[in-house]
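Visitor: You'll find query01.cif just under this line, and it carries mmCIF, N, CA and C atoms.
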```
data_work
loop_
_atom_site.label_atom_id
_atom_site.label_comp_id
_atom_site.auth_asym_id
_atom_site.auth_seq_id
_atom_site.Cartn_x
_atom_site.Cartn_y
_atom_site.Cartn_z
N MET K 1 25.39 8.82 1.97
CA MET K 1 26.14 9.78 1.19
C MET K 1 25.75 11.23 1.45
N PRO K 2 24.51 11.55 1.82
CA PRO K 2 24.19 12.97 1.95
C PRO K 2 24.80 13.59 3.20
N TYR K 3 25.39 14.71 2.96
CA TYR K 3 25.92 15.52 4.06
C TYR K 3 25.01 16.73 4.16
N ALA K 4 24.48 16.96 5.34
CA ALA K 4 23.49 18.01 5.53
C ALA K 4 24.08 19.21 6.25
N LEU K 5 23.81 20.36 5.68
CA LEU K 5 24.10 21.61 6.37
C LEU K 5 22.78 22.08 6.97
N ARG K 6 22.84 22.48 8.23
CA ARG K 6 21.62 22.88 8.93
C ARG K 6 21.55 24.39 9.11
N HIS K 7 20.34 24.87 9.12
CA HIS K 7 20.06 26.26 9.44
C HIS K 7 20.24 26.42 10.94
N THR K 8 20.33 27.64 11.43
CA THR K 8 20.52 27.86 12.87
C THR K 8 19.37 27.30 13.70
N ASP K 9 18.18 27.17 13.10
CA ASP K 9 17.05 26.60 13.84
C ASP K 9 17.04 25.07 13.82
N GLY K 10 18.01 24.44 13.14
CA GLY K 10 18.14 23.00 13.15
C GLY K 10 17.60 22.28 11.93
N ARG K 11 16.83 22.96 11.11
CA ARG K 11 16.28 22.28 9.92
C ARG K 11 17.36 22.16 8.85
N VAL K 12 17.22 21.16 7.98
CA VAL K 12 18.18 20.93 6.91
C VAL K 12 18.09 22.07 5.90
N LEU K 13 19.22 22.68 5.63
CA LEU K 13 19.29 23.80 4.71
C LEU K 13 19.70 23.34 3.32
N SER K 14 20.65 22.38 3.26
CA SER K 14 21.11 21.86 1.97
C SER K 14 21.73 20.48 2.17
N LEU K 15 21.75 19.70 1.08
CA LEU K 15 22.38 18.38 1.08
C LEU K 15 23.51 18.38 0.07
N HIS K 16 24.59 17.66 0.41
CA HIS K 16 25.77 17.61 -0.45
C HIS K 16 26.25 16.17 -0.56
N ARG K 17 26.81 15.83 -1.72
CA ARG K 17 27.36 14.48 -1.92
C ARG K 17 28.67 14.31 -1.14
N ASN K 18 29.44 15.35 -1.07
CA ASN K 18 30.76 15.30 -0.44
C ASN K 18 30.73 16.08 0.88
N PRO K 19 31.60 15.71 1.80
CA PRO K 19 31.65 16.43 3.08
C PRO K 19 31.90 17.92 2.86
N GLU K 20 31.19 18.72 3.60
CA GLU K 20 31.35 20.17 3.57
C GLU K 20 31.68 20.61 5.00
N ALA K 21 32.30 21.74 5.13
CA ALA K 21 32.60 22.27 6.46
C ALA K 21 31.30 22.50 7.22
N GLY K 22 31.19 21.92 8.40
CA GLY K 22 30.01 22.10 9.23
C GLY K 22 28.86 21.16 8.89
N ALA K 23 29.02 20.31 7.87
CA ALA K 23 27.95 19.39 7.47
C ALA K 23 28.03 18.10 8.28
N GLU K 24 26.88 17.52 8.53
CA GLU K 24 26.83 16.24 9.22
C GLU K 24 26.33 15.17 8.26
N PHE K 25 26.84 13.96 8.43
CA PHE K 25 26.40 12.85 7.59
C PHE K 25 25.04 12.37 8.07
N LEU K 26 24.12 12.19 7.12
CA LEU K 26 22.81 11.59 7.40
C LEU K 26 22.61 10.47 6.39
N PRO K 27 22.14 9.30 6.82
CA PRO K 27 21.89 8.22 5.86
C PRO K 27 20.79 8.62 4.88
N PRO K 28 20.83 8.09 3.67
CA PRO K 28 19.83 8.46 2.65
C PRO K 28 18.39 8.21 3.08
N ASP K 29 18.17 7.23 3.97
CA ASP K 29 16.80 6.93 4.39
C ASP K 29 16.38 7.70 5.64
N HIS K 30 17.21 8.62 6.08
CA HIS K 30 16.88 9.44 7.26
C HIS K 30 15.64 10.29 6.94
N PRO K 31 14.69 10.39 7.86
CA PRO K 31 13.46 11.15 7.60
C PRO K 31 13.69 12.60 7.17
N GLU K 32 14.72 13.24 7.71
CA GLU K 32 14.99 14.63 7.32
C GLU K 32 15.50 14.71 5.88
N VAL K 33 16.30 13.73 5.46
CA VAL K 33 16.77 13.69 4.08
C VAL K 33 15.59 13.44 3.15
N GLN K 34 14.76 12.46 3.51
CA GLN K 34 13.59 12.13 2.69
C GLN K 34 12.66 13.33 2.57
N ALA K 35 12.43 14.03 3.67
CA ALA K 35 11.56 15.21 3.64
C ALA K 35 12.16 16.32 2.79
N PHE K 36 13.48 16.50 2.87
CA PHE K 36 14.14 17.56 2.12
C PHE K 36 14.03 17.33 0.62
N VAL K 37 14.22 16.08 0.18
CA VAL K 37 14.15 15.79 -1.26
C VAL K 37 12.73 15.49 -1.73
N GLY K 38 11.79 15.50 -0.79
CA GLY K 38 10.39 15.36 -1.18
C GLY K 38 9.92 13.95 -1.35
N THR K 39 10.65 12.98 -0.82
CA THR K 39 10.20 11.59 -0.94
C THR K 39 9.76 11.01 0.38
N GLY K 40 9.75 11.83 1.40
CA GLY K 40 9.33 11.35 2.71
C GLY K 40 7.83 11.16 2.77
N SER K 41 7.40 10.49 3.79
CA SER K 41 5.98 10.24 3.98
C SER K 41 5.37 11.39 4.76
N THR K 42 4.71 12.28 4.03
CA THR K 42 3.99 13.38 4.66
C THR K 42 2.51 13.03 4.59
N PRO K 43 1.68 13.68 5.38
CA PRO K 43 0.25 13.40 5.28
C PRO K 43 -0.29 13.61 3.86
N GLN K 44 0.22 14.63 3.15
CA GLN K 44 -0.24 14.88 1.79
C GLN K 44 0.20 13.77 0.83
N SER K 45 1.46 13.31 0.95
CA SER K 45 1.93 12.26 0.05
C SER K 45 1.23 10.94 0.35
N GLU K 46 0.98 10.67 1.62
CA GLU K 46 0.27 9.45 2.00
C GLU K 46 -1.16 9.48 1.48
N PHE K 47 -1.82 10.63 1.59
CA PHE K 47 -3.18 10.77 1.09
C PHE K 47 -3.22 10.60 -0.43
N ALA K 48 -2.25 11.18 -1.13
CA ALA K 48 -2.18 11.04 -2.59
C ALA K 48 -1.98 9.58 -2.98
N ARG K 49 -1.14 8.85 -2.23
CA ARG K 49 -0.93 7.43 -2.53
C ARG K 49 -2.22 6.65 -2.32
N LEU K 50 -2.93 6.95 -1.23
CA LEU K 50 -4.20 6.27 -0.97
C LEU K 50 -5.22 6.59 -2.05
N ASP K 51 -5.26 7.83 -2.51
CA ASP K 51 -6.17 8.20 -3.59
C ASP K 51 -5.86 7.39 -4.85
N ALA K 52 -4.59 7.26 -5.18
CA ALA K 52 -4.19 6.50 -6.35
C ALA K 52 -4.60 5.04 -6.22
N ASP K 53 -4.48 4.49 -5.01
CA ASP K 53 -4.89 3.11 -4.78
C ASP K 53 -6.40 2.95 -4.97
N VAL K 54 -7.17 3.90 -4.47
CA VAL K 54 -8.63 3.83 -4.61
C VAL K 54 -9.03 3.96 -6.08
N VAL K 55 -8.36 4.81 -6.81
CA VAL K 55 -8.65 4.95 -8.24
C VAL K 55 -8.42 3.62 -8.95
N ARG K 56 -7.34 2.95 -8.61
CA ARG K 56 -7.04 1.65 -9.23
C ARG K 56 -8.12 0.63 -8.88
N VAL K 57 -8.59 0.62 -7.63
CA VAL K 57 -9.64 -0.31 -7.23
C VAL K 57 -10.93 -0.01 -8.00
N LEU K 58 -11.28 1.26 -8.13
CA LEU K 58 -12.49 1.62 -8.88
C LEU K 58 -12.38 1.23 -10.35
N GLU K 59 -11.20 1.44 -10.91
CA GLU K 59 -10.98 1.05 -12.30
C GLU K 59 -11.15 -0.46 -12.47
N ASP K 60 -10.60 -1.23 -11.55
CA ASP K 60 -10.74 -2.68 -11.61
C ASP K 60 -12.18 -3.11 -11.39
N LEU K 61 -12.88 -2.43 -10.50
CA LEU K 61 -14.29 -2.72 -10.26
C LEU K 61 -15.12 -2.50 -11.53
N ILE K 62 -14.86 -1.41 -12.23
CA ILE K 62 -15.56 -1.14 -13.48
C ILE K 62 -15.26 -2.23 -14.49
N ASP K 63 -14.00 -2.67 -14.57
CA ASP K 63 -13.63 -3.76 -15.47
C ASP K 63 -14.43 -5.03 -15.16
N VAL K 64 -14.55 -5.36 -13.88
CA VAL K 64 -15.29 -6.57 -13.48
C VAL K 64 -16.77 -6.43 -13.83
N LEU K 65 -17.36 -5.28 -13.56
CA LEU K 65 -18.77 -5.06 -13.87
C LEU K 65 -19.03 -5.17 -15.38
N ILE K 66 -18.10 -4.68 -16.17
CA ILE K 66 -18.24 -4.79 -17.63
C ILE K 66 -18.07 -6.24 -18.07
N ALA K 67 -17.08 -6.92 -17.51
CA ALA K 67 -16.85 -8.32 -17.87
C ALA K 67 -18.04 -9.20 -17.52
N ARG K 68 -18.72 -8.88 -16.43
CA ARG K 68 -19.90 -9.66 -16.01
C ARG K 68 -21.19 -9.15 -16.62
N GLN K 69 -21.06 -8.18 -17.50
CA GLN K 69 -22.19 -7.59 -18.23
C GLN K 69 -23.24 -6.96 -17.30
N VAL K 70 -22.77 -6.46 -16.17
CA VAL K 70 -23.63 -5.70 -15.26
C VAL K 70 -23.68 -4.25 -15.73
N LEU K 71 -22.62 -3.82 -16.39
CA LEU K 71 -22.46 -2.46 -16.86
C LEU K 71 -21.87 -2.50 -18.26
N ARG K 72 -22.32 -1.59 -19.09
CA ARG K 72 -21.71 -1.44 -20.41
C ARG K 72 -20.90 -0.15 -20.39
N ILE K 73 -19.79 -0.15 -21.08
CA ILE K 73 -18.95 1.05 -21.12
C ILE K 73 -19.76 2.23 -21.65
N THR K 74 -20.69 1.96 -22.55
CA THR K 74 -21.51 3.04 -23.12
C THR K 74 -22.54 3.57 -22.13
N ASP K 75 -22.74 2.91 -21.00
CA ASP K 75 -23.62 3.43 -19.95
C ASP K 75 -22.99 4.63 -19.24
N LEU K 76 -21.70 4.75 -19.35
CA LEU K 76 -20.97 5.82 -18.68
C LEU K 76 -20.94 7.08 -19.55
N PRO K 77 -20.83 8.25 -18.94
CA PRO K 77 -20.70 9.48 -19.73
C PRO K 77 -19.46 9.41 -20.62
N VAL K 78 -19.51 10.12 -21.73
CA VAL K 78 -18.41 10.10 -22.70
C VAL K 78 -17.09 10.48 -22.04
N GLN K 79 -17.12 11.48 -21.16
CA GLN K 79 -15.88 11.91 -20.50
C GLN K 79 -15.31 10.78 -19.64
N ALA K 80 -16.16 10.03 -18.97
CA ALA K 80 -15.70 8.90 -18.15
C ALA K 80 -15.12 7.81 -19.04
N GLN K 81 -15.78 7.54 -20.17
CA GLN K 81 -15.26 6.54 -21.10
C GLN K 81 -13.86 6.94 -21.58
N GLU K 82 -13.71 8.21 -21.95
CA GLU K 82 -12.41 8.68 -22.45
C GLU K 82 -11.33 8.52 -21.39
N LYS K 83 -11.66 8.85 -20.15
CA LYS K 83 -10.68 8.73 -19.07
C LYS K 83 -10.32 7.27 -18.82
N LEU K 84 -11.31 6.39 -18.86
CA LEU K 84 -11.02 4.97 -18.66
C LEU K 84 -10.17 4.41 -19.80
N TYR K 85 -10.51 4.80 -21.04
CA TYR K 85 -9.70 4.35 -22.19
C TYR K 85 -8.27 4.86 -22.07
N ALA K 86 -8.10 6.13 -21.70
CA ALA K 86 -6.76 6.71 -21.58
C ALA K 86 -5.96 5.99 -20.50
N ARG K 87 -6.59 5.73 -19.37
CA ARG K 87 -5.90 5.05 -18.26
C ARG K 87 -5.56 3.62 -18.63
N LYS K 88 -6.50 2.93 -19.28
CA LYS K 88 -6.24 1.54 -19.71
C LYS K 88 -5.10 1.51 -20.72
N SER K 89 -5.09 2.45 -21.63
CA SER K 89 -4.02 2.52 -22.63
C SER K 89 -2.68 2.74 -21.94
N PHE K 90 -2.65 3.63 -20.96
CA PHE K 90 -1.42 3.89 -20.22
C PHE K 90 -0.96 2.64 -19.49
N ARG K 91 -1.88 1.96 -18.82
CA ARG K 91 -1.52 0.73 -18.09
C ARG K 91 -1.02 -0.35 -19.04
N ASP K 92 -1.61 -0.45 -20.22
CA ASP K 92 -1.19 -1.48 -21.17
C ASP K 92 0.22 -1.23 -21.70
N ARG K 93 0.66 0.03 -21.68
CA ARG K 93 2.01 0.35 -22.15
C ARG K 93 3.07 0.12 -21.09
N LYS K 94 2.68 -0.04 -19.83
CA LYS K 94 3.62 -0.25 -18.74
C LYS K 94 4.07 -1.71 -18.71
N PRO K 95 5.26 -1.97 -18.17
CA PRO K 95 5.69 -3.37 -18.02
C PRO K 95 4.68 -4.15 -17.18
N ALA K 96 4.59 -5.42 -17.42
CA ALA K 96 3.57 -6.27 -16.80
C ALA K 96 3.53 -6.17 -15.28
N GLN K 97 4.67 -6.09 -14.62
CA GLN K 97 4.70 -6.07 -13.16
C GLN K 97 4.58 -4.66 -12.58
N ALA K 98 4.65 -3.62 -13.40
CA ALA K 98 4.73 -2.26 -12.88
C ALA K 98 3.53 -1.86 -12.04
N LEU K 99 2.34 -2.24 -12.44
CA LEU K 99 1.15 -1.82 -11.72
C LEU K 99 0.33 -3.00 -11.21
N ARG K 100 0.96 -4.15 -11.03
CA ARG K 100 0.23 -5.35 -10.62
C ARG K 100 -0.19 -5.24 -9.16
N LEU K 101 -1.49 -5.26 -8.92
CA LEU K 101 -2.04 -5.15 -7.58
C LEU K 101 -2.07 -6.48 -6.85
N TYR K 102 -2.28 -7.55 -7.57
CA TYR K 102 -2.56 -8.84 -6.95
C TYR K 102 -1.43 -9.83 -7.09
N GLY K 103 -0.19 -9.36 -7.19
CA GLY K 103 0.96 -10.25 -7.25
C GLY K 103 0.93 -11.15 -8.46
N ASP K 104 1.06 -12.46 -8.26
CA ASP K 104 1.12 -13.41 -9.36
C ASP K 104 -0.23 -13.99 -9.73
N GLU K 105 -1.30 -13.49 -9.13
CA GLU K 105 -2.62 -14.03 -9.45
C GLU K 105 -2.97 -13.76 -10.89
N ASP K 106 -3.77 -14.63 -11.46
CA ASP K 106 -4.27 -14.42 -12.81
C ASP K 106 -5.38 -13.40 -12.75
N ASP K 107 -5.15 -12.23 -13.32
CA ASP K 107 -6.16 -11.18 -13.27
C ASP K 107 -6.79 -10.95 -14.63
N GLY K 108 -6.99 -12.00 -15.39
CA GLY K 108 -7.56 -11.88 -16.73
C GLY K 108 -8.86 -11.13 -16.76
N ILE K 109 -9.71 -11.34 -15.76
CA ILE K 109 -11.00 -10.66 -15.74
C ILE K 109 -10.83 -9.16 -15.52
N LEU K 110 -9.69 -8.76 -14.93
CA LEU K 110 -9.47 -7.36 -14.67
C LEU K 110 -8.86 -6.63 -15.85
N SER K 111 -8.45 -7.36 -16.87
CA SER K 111 -7.86 -6.71 -18.03
C SER K 111 -8.82 -6.80 -19.21
N THR K 112 -10.05 -6.47 -18.98
CA THR K 112 -11.08 -6.50 -20.01
C THR K 112 -10.70 -5.55 -21.14
N ASP K 113 -10.86 -6.01 -22.34
CA ASP K 113 -10.57 -5.19 -23.51
C ASP K 113 -11.82 -4.40 -23.86
N PHE K 114 -11.81 -3.10 -23.58
CA PHE K 114 -12.97 -2.25 -23.82
C PHE K 114 -13.31 -2.16 -25.30
N SER K 115 -12.35 -2.35 -26.19
CA SER K 115 -12.61 -2.18 -27.61
C SER K 115 -13.61 -3.22 -28.13
N ALA K 116 -13.77 -4.32 -27.42
CA ALA K 116 -14.70 -5.36 -27.86
C ALA K 116 -16.14 -5.05 -27.44
N LEU K 117 -16.33 -4.04 -26.61
CA LEU K 117 -17.65 -3.73 -26.09
C LEU K 117 -18.38 -2.72 -26.94
#
```
Would you give me this structure, written as structure tokens?
Guide:
Amino acid sequence: MPYALRHTDGRVLSLHRNPEAGAEFLPPDHPEVQAFVGTGSTPQSEFARLDADVVRVLEDLIDVLIARQVLRITDLPVQAQEKLYARKSFRDRKPAQALRLYGDEDDGILSTDFSAL
């Protein structure tokens, strides 16, 4: 659906739903369309996604350490506890499949209830 108007140097200047004079059709998944609307894979967006993945792994690791009684939530600085509680609360409000890392596996040990500690 996107029709792209290009600048004289060839870069996409604007996108339109309907054909415009001088516009060319580009499929929605075209890299130039994705880059223009900010959903393309840039080094910065890829790095941010990887950072988010690492944060999730660390959060799950902390959950496992607490569940196995290797670590107590109170061993962490208050600011870290607050951030973990806030993130856990946010995850608990999301639909069950929204942030599932391990597909259909039973991740009961990863959903430790901090309030019991």
Visitor: One decimal, in Å: what's the spacing between atom CA of K:Arg11 and atom CA of K:Asp29?
Guide: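 Interatomic distance here is 16.3 Å.
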Visitor: Considering only C-alpha atoms, return as a PyMOL selection string whatever protein or nucleic-acid residues lie within 10 Å of stretch 77-84 of chain K, sequence-local ones (same chain, fewer than 5 positions apart) excluded.
Guide: chain K and resi 59+62-63+89-90+114
Visitor: Quick one: distance from atom CA of K:Gln34 to atom CA of K:Glu46 in Å, one decimal?
Guide: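 About the pair atom CA of K:Gln34 and atom CA of K:Glu46: they are 13.6 Å apart.
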Visitor: Can you tell me, as number ranges by chain, what residues are no more than 6.5 Å from K:Arg6 when counting only N, CA and C atoms, ignoring any on the same chain fewer than 3 positions away?
Guide: K: 9-14, 22-24
Visitor: Quick check, in Å to one decimal: how far apart do atom CA of K:Ala48 and atom CA of K:Ala35 lie?
Guide: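 Atom CA of K:Ala35 lies at a distance of 15.7 Å from atom CA of K:Ala48.
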Visitor: Identify all residues of stretch 12-59 of chain K in alpha helix (DSSP H) (DSSP on the backbone) and supply them as a PyMOL selection string.
Guide: chain K and resi 31-37+43-59
Visitor: Please extract the residues of stretch 9-103 of chain K with a backbone DSSP assignment of strand (DSSP E or B) and present them as a CSV table (one decimal) with N, CA and C atoms, keeping the file's coordinate frame.
Guide:
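That gives us part_38.csv:
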```csv
chain,number,residue,atom,x,y,z
K,12,VAL,N,17.2,21.2,8.0
K,12,VAL,CA,18.2,20.9,6.9
K,12,VAL,C,18.1,22.1,5.9
K,13,LEU,N,19.2,22.7,5.6
K,13,LEU,CA,19.3,23.8,4.7
K,13,LEU,C,19.7,23.3,3.3
K,14,SER,N,20.6,22.4,3.3
K,14,SER,CA,21.1,21.9,2.0
K,14,SER,C,21.7,20.5,2.2
K,15,LEU,N,21.8,19.7,1.1
K,15,LEU,CA,22.4,18.4,1.1
K,15,LEU,C,23.5,18.4,0.1
K,16,HIS,N,24.6,17.7,0.4
K,16,HIS,CA,25.8,17.6,-0.4
K,16,HIS,C,26.2,16.2,-0.6
K,24,GLU,N,26.9,17.5,8.5
K,24,GLU,CA,26.8,16.2,9.2
K,24,GLU,C,26.3,15.2,8.3
K,25,PHE,N,26.8,14.0,8.4
K,25,PHE,CA,26.4,12.8,7.6
K,25,PHE,C,25.0,12.4,8.1
```
Visitor: Would you mind telling me which residue in K:Ile73, K:Val33, K:Ala67, K:Ala4 lies nearest to K:Asn18 when using only C-alpha atoms?
Guide: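 Closest candidate: K:Ala4.
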